[in-house]
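The block underneath contains the structure these notes are about, expressed in structure tokens.
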Amino acid sequence: MGLALGTAVACLFTGTWTPRSADAATTVPAKAQDAVAFWTADRMKQAKPLDARVPAGSAIEPRERPVSGEAGTPHVFPRLGPSDARVSSMPETVLDPTAPVAREHGVVFMVTPFGLGRCSGTSVNAPNFSVVVTAAHCIHSGGHRGRWIDFRWVFVPGYRYGQRPFGVFPARWIDTTRRWRTTGSENYDVGAAVVSRNAGGQLLAKAVGGAGIAWGLGARQVFDIHGYPAESPFDGETQSVCTDTPFLGHDVLSILSPGPLNLAAECRVNGGASGGGWTIGDGILNSVTNYGYTDDPETNFGAYFGKEVGRLFTRARRVE
């Protein structure tokens, strides 16, 4: 497995697109009809993971480290929609991505300077019924010289073999944790989008439901890890999930970057799964896939959800 390091993506985008303010989110006006017309099944299949290989160097510290002030007071925002319990510990193909829970997860598509790109994302319950949470590197290349990755940015929940069972939801507002935009630290690699209605006039969470979201919890959780891996042996056309996956420890190398240490869990996914949701309990989002190491394909690393993620979600939920 090898998923994106923000610094690697930042290098790709430096000098390519005109930078926007690193101090605010960006508004991306779009029409659902235009998004549907552009994102044909063929273009979606051509989209490549917005990921860069991470060299060997995986090391996991098994004990849970305290997150001090970053955790803050624990918060849990409830889930919207019915539950669908599953039991498994290795990646499995989701046979029906339109089923409850599965349909909250989908593929993020965007156009980059290098062609059509893709990540994974999750619909999250919010007062505006329109929030998608993904990895920050699927929205912004990271650091104070970073660029917004916002051209033709859409979310397709329940995607399977080019099918768009709930339509296409184009972004109208995107943002990341502020620490990602200022430092590019993988420890803050979390982003969010507020999407427009689909061509049928539906709001995202009204159409598919929305995961809850929690931040400030202890790192030691048991996760269901969702996403659309697109590198061999996967093809990005089906959703995968690793269920009942326990916290293994922290990435030792993440101590070199600002912020709470990243989380490790066993789930053999690869490029394209970036931004895929890690849920706990009854469908509560508590991390997203960020990266992995080429010498450790079994282990997936995700961001800890602390106060910075709480602030990001608060900004997204207030967008009208």
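Naming works like this for the structure tokens: A, B, ... for the chains as they're shown, residue 1 at the start of each chain, ligands 1 onward in shown order.
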* Asked: Residues of region 266-317 of chain A in helix (DSSP H, G or I) according to DSSP, as a ChimeraX atom specification?
  -> /A:307-317
Output N, CA and C atoms for every residue in that selection, as an mmCIF file, in the first residue's frame.
data_model
loop_
_atom_site.group_PDB
_atom_site.id
_atom_site.type_symbol
_atom_site.label_atom_id
_atom_site.label_comp_id
_atom_site.auth_asym_id
_atom_site.auth_seq_id
_atom_site.Cartn_x
_atom_site.Cartn_y
_atom_site.Cartn_z
ATOM 1 N N LYS A 307 -9.456 18.477 18.103
ATOM 2 C CA LYS A 307 -10.152 19.761 18.048
ATOM 3 C C LYS A 307 -10.095 20.399 16.667
ATOM 4 N N GLU A 308 -8.982 20.217 15.949
ATOM 5 C CA GLU A 308 -8.879 20.805 14.612
ATOM 6 C C GLU A 308 -9.949 20.249 13.679
ATOM 7 N N VAL A 309 -10.203 18.946 13.779
ATOM 8 C CA VAL A 309 -11.248 18.331 12.953
ATOM 9 C C VAL A 309 -12.620 18.823 13.402
ATOM 10 N N GLY A 310 -12.804 18.985 14.718
ATOM 11 C CA GLY A 310 -14.054 19.531 15.224
ATOM 12 C C GLY A 310 -14.331 20.920 14.678
ATOM 13 N N ARG A 311 -13.305 21.745 14.624
ATOM 14 C CA ARG A 311 -13.464 23.097 14.071
ATOM 15 C C ARG A 311 -13.816 23.047 12.584
ATOM 16 N N LEU A 312 -13.161 22.138 11.853
ATOM 17 C CA LEU A 312 -13.446 21.988 10.425
ATOM 18 C C LEU A 312 -14.903 21.587 10.209
ATOM 19 N N PHE A 313 -15.374 20.590 10.950
ATOM 20 C CA PHE A 313 -16.758 20.146 10.811
ATOM 21 C C PHE A 313 -17.724 21.277 11.178
ATOM 22 N N THR A 314 -17.410 22.047 12.202
ATOM 23 C CA THR A 314 -18.278 23.158 12.600
ATOM 24 C C THR A 314 -18.389 24.182 11.480
ATOM 25 N N ARG A 315 -17.273 24.480 10.813
ATOM 26 C CA ARG A 315 -17.335 25.417 9.688
ATOM 27 C C ARG A 315 -18.197 24.855 8.560
ATOM 28 N N ALA A 316 -18.020 23.562 8.258
ATOM 29 C CA ALA A 316 -18.769 22.947 7.163
ATOM 30 C C ALA A 316 -20.258 22.892 7.470
ATOM 31 N N ARG A 317 -20.631 22.543 8.682
ATOM 32 C CA ARG A 317 -22.047 22.381 9.023
ATOM 33 C C ARG A 317 -22.793 23.695 9.009
#
* Asked: Which polymer residues have any atom within 9 Å of an atom of Ala273 (chain A), counting only C-alpha atoms, with same-chain residues fewer than 4 positions away left out, as a list of chain:residue names?
  -> A:Leu3, A:Pro49, A:Val107, A:Arg118, A:Cys119, A:Ser120, A:Gly121, A:His226, A:Gly227, A:Tyr228, A:Pro229, A:Ala230, A:Gly236, A:Ser240, A:Val269, A:Thr289, A:Asn290, A:Tyr291
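In terms of minimum interatomic distance to Gly117 (chain A), A:Gln46 ranks closest within A:Ser185, A:Thr93, A:Gln46, A:Ser130, counting only C-alpha atoms.
Near Gly158 (chain A), within 6 Å and counting only C-alpha atoms, sit Pro97, Thr98, Arg103 and Gly106 of chain A, not including residues fewer than 4 positions from it in the same chain.
Distance check against Ala136 (chain A) using only C-alpha atoms: of A:Ala205, A:Ile60, A:Leu50, A:Ile225, the minimum falls on A:Leu50.
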